[in-house]
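Student: I have a structure I would like to understand better, so I am pasting it below and will then ask my questions one at a time.
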Amino acid sequence: MNPLIPACSSVLILLLCAWFIRLSPSHELRWAGVLGAGLSLVSIVIASVSFLFSPQPTVWSLGSFVLFFDMTSISLLLPMVAAGFAVLLCIPAVEVEVSFLSEALLLLATSQFALLAGNPFTLLLAETLGVLVLLLGNKPPALRRVFWLYLGGALVAWWGAGYALMQSSVWLAPFTQKMPALSSPILVFLGLGVALRLGLAPFSSWMTFLMQRTTTAHGLLLILPFGGVAILLRIVEPVLSAHPTAALHWWVSGILLASLLSALLALVQREIGRAFAYLLSAASGLVVAGALDTSPVGLVGSELLWASTLLGATGFGLCMVISVARLRSADLNVFHGLYTNAPRLGVLFLLLGMSFSGLPGSIGFIGEELILNGSISHDIPSLVLAVLLISVSGFSVIRIFYRLFFGRAMRTSISLELLPRERVALLSLVSLLLLGGLVPGLLPLLSNATNHHAARPSSRPVSTPHHAASPLRSLEKKQSAKITTRLGH
């Protein structure tokens, strides 16, 4: 079976369900959304199995629209839909509204469409639709203005680059073809749009502003990194691999430094929502740094880390939302002692939080290990920044856990433990994260995608000019010269 058939069916199911929800009675809203996300998840599993039987990229051309399914699609669609399914299952009863559920399903549909896009035109169109879903959703006026400032800026940056791409043959060319060289302004505009969409430092204000106002499942859904990264993986990274630039390592170092500052800011936040927003911004920065890696190892690590971030950030954020709903407080200046009344929630909170920051045995740990062994390993400043970023993020998660679950327990006659649907959603996310990390042979991305990327040396060379000019390589050459001279004497 052509994997694009069930993959496209998954997008259509979400679109139909977003429309059907508006006709459903109030007591069926949640389960209508869960049903749509569940059917979409089944369709993605069918597409993944079909692709694994015949692991060859598939392309459909419908005029100017091109659809594309490859190993990156199979590895990222599954965690994306699983994250959306968990959010819909864990929505508190007070947030179950038609507008929120429709927005969630439309956001999932457009994000899947972006991963299935087969040329720059289709990809930019899909990412634009995803941003418009965020911009046109039901929000307070102040929050709407902030969203238009940052996410509207992302659209301007993307279509500024798109206007330049329209003048070339790249605009409608499928991604199966070798990507030609693009001018630096086009790459800068594409990267700027991705930074605004993901909320990378210093563009994370819209995320912190949102989570400061409301620590809810709706706010969590809006800031999850569903969009943007596909532009780096499909357009920017292939261009940089085929036509490397000496300034790339400076950009990577700058992204890692800004992300480290975000992780440090998470340590001093009083509100849990703002701390989570800064942590997510830092994690997205590490994903972007890996996506700019010109080596196959670093690129696969970035894709794995994006999948892990979708699962881990969703689970950690849902635990945060559930904890705040139980405590009626988001203050991190006091100890709340929630563990006594909700021990299962505490265990899942810690597991998902640490997997979000690279817990050994999780997919995130494998992704971070591959990134640190990619091109970053040849640039000492970038390597140090990446290690510090991972360490500070983990310490921030521990701090939040201690503040919420340690201390004097709150006296209550109401059970604060997880509901059955919340338990199912969180355990599913933990299982996906740990199963892929403890049994990495089950990850098609780790076994097949490495060969898939490494099998194209002509279009993605590993060596880049800044590798040769790095301090580590220079030192190795000097030592080799000294040893050769001594042997000659």
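Following the order of the structure tokens, first chain is A, next is B, and so on, with residues numbered from 1 inside each chain and ligands from 1 in the order they appear.
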Env of Ile366 in chain A: 8 Å cut, atoms = only C-alpha atoms, seq-sep filter 5 positions within chain, self excluded. Answer as a list in words.
Tutor: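 Here the qualifying residues turn out to be Gly301, Leu304, Leu305, Gly358, Gly361 and Gly437 of chain A.
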Student: Select from range 290-371 of chain A every residue with an atom at most 12 Å from any atom of range 201-211 of chain A, then for each give the shortest pair of atoms and their distance in Å to one decimal, using only C-alpha atoms, rows by chain and rising number, as a Markdown table.
Tutor:
```
| residue | atom | partner | partner_atom | distance |
| --- | --- | --- | --- | --- |
| A:Gly317 | CA | A:Met211 | CA | 10.8 |
| A:Met320 | CA | A:Met211 | CA | 11.3 |
| A:Val321 | CA | A:Met211 | CA | 10.6 |
| A:Ala330 | CA | A:Met211 | CA | 10.5 |
```
Student: Export N, CA, C and O atoms of the chosen residues as a PDB file, in the first residue's frame?
Tutor:
```
ATOM      1  N   GLY A 317       4.117  18.914  30.431  1.00  0.00           N
ATOM      2  CA  GLY A 317       3.176  20.024  30.500  1.00  0.00           C
ATOM      3  C   GLY A 317       1.820  19.598  31.027  1.00  0.00           C
ATOM      4  O   GLY A 317       1.178  20.325  31.797  1.00  0.00           O
ATOM      5  N   MET A 320       2.035  19.243  34.664  1.00  0.00           N
ATOM      6  CA  MET A 320       2.038  20.583  35.240  1.00  0.00           C
ATOM      7  C   MET A 320       0.622  21.141  35.312  1.00  0.00           C
ATOM      8  O   MET A 320       0.199  21.690  36.347  1.00  0.00           O
ATOM      9  N   VAL A 321      -0.147  20.996  34.235  1.00  0.00           N
ATOM     10  CA  VAL A 321      -1.525  21.498  34.217  1.00  0.00           C
ATOM     11  C   VAL A 321      -2.378  20.772  35.260  1.00  0.00           C
ATOM     12  O   VAL A 321      -3.162  21.403  35.984  1.00  0.00           O
ATOM     13  N   ALA A 330       0.159  28.236  41.142  1.00  0.00           N
ATOM     14  CA  ALA A 330       1.302  28.001  40.266  1.00  0.00           C
ATOM     15  C   ALA A 330       2.561  28.633  40.832  1.00  0.00           C
ATOM     16  O   ALA A 330       3.527  28.871  40.105  1.00  0.00           O
TER      17      ALA A 330
END
```
Student: Show which residues sit within 9 Å of Ile400 in chain A, as a list in words. Count only C-alpha atoms, and ignore same-chain residues fewer than 2 positions away.
Tutor: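 Skipping anything fewer than 2 positions along the chain leaves Leu267, Ile272, Ala275, Leu332, Phe395, Ser396, Val397, Ile398, Tyr402, Arg403, Leu404 and Phe405 of chain A.
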Student: Using only C-alpha atoms, determine which residues lie at most 7 Å from range 80-91 of chain A, disregarding the query and same-chain residues fewer than 3 positions distant; provide the list as a list in words.
Tutor: Arg30, Gly33, Val34, Ala37, Gly38, Leu41, Leu76, Leu77, Glu95, Val96, Leu108, Ala217, Leu310, Leu311, Thr314, Arg421, Glu422 and Ala425 of chain A
Student: I need the alpha helix (DSSP H) residues of range 141-175 of chain A per DSSP on the backbone, written as a ChimeraX atom specification.
Tutor: /A:141-166
Student: Please produce a file of those selected residues containing C-alpha atoms, as an mmCIF file, in the first residue's frame.
Tutor:
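For reference, part-v5.cif as written:
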```cif
data_model
loop_
_atom_site.group_PDB
_atom_site.id
_atom_site.type_symbol
_atom_site.label_atom_id
_atom_site.label_comp_id
_atom_site.auth_asym_id
_atom_site.auth_seq_id
_atom_site.Cartn_x
_atom_site.Cartn_y
_atom_site.Cartn_z
ATOM 1 C CA PRO A 141 -7.302 40.957 22.936
ATOM 2 C CA ALA A 142 -3.943 41.455 24.685
ATOM 3 C CA LEU A 143 -2.828 37.913 23.901
ATOM 4 C CA ARG A 144 -4.077 38.213 20.328
ATOM 5 C CA ARG A 145 -1.872 41.295 19.766
ATOM 6 C CA VAL A 146 1.204 39.480 21.085
ATOM 7 C CA PHE A 147 0.494 36.492 18.839
ATOM 8 C CA TRP A 148 0.116 38.690 15.764
ATOM 9 C CA LEU A 149 3.379 40.465 16.564
ATOM 10 C CA TYR A 150 5.493 37.305 16.804
ATOM 11 C CA LEU A 151 3.687 34.704 14.713
ATOM 12 C CA GLY A 152 2.664 37.302 12.144
ATOM 13 C CA GLY A 153 6.351 38.179 11.928
ATOM 14 C CA ALA A 154 7.087 34.517 11.214
ATOM 15 C CA LEU A 155 4.680 34.592 8.256
ATOM 16 C CA VAL A 156 6.273 37.772 6.901
ATOM 17 C CA ALA A 157 9.752 36.221 7.159
ATOM 18 C CA TRP A 158 8.699 32.958 5.489
ATOM 19 C CA TRP A 159 6.878 34.563 2.602
ATOM 20 C CA GLY A 160 9.660 37.091 2.146
ATOM 21 C CA ALA A 161 11.900 34.118 1.487
ATOM 22 C CA GLY A 162 9.104 32.484 -0.513
ATOM 23 C CA TYR A 163 8.872 35.500 -2.825
ATOM 24 C CA ALA A 164 12.559 35.124 -3.624
ATOM 25 C CA LEU A 165 12.136 31.361 -4.145
ATOM 26 C CA MET A 166 9.314 31.997 -6.630
#
```
Student: Kindly indicate which residue among A:Phe365, A:Phe316, A:Trp19, A:Phe100 lies nearest to Leu345 in chain A, using only C-alpha atoms for the distances.
Tutor: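 Closest to Leu345 in chain A, using only C-alpha atoms: A:Phe316.
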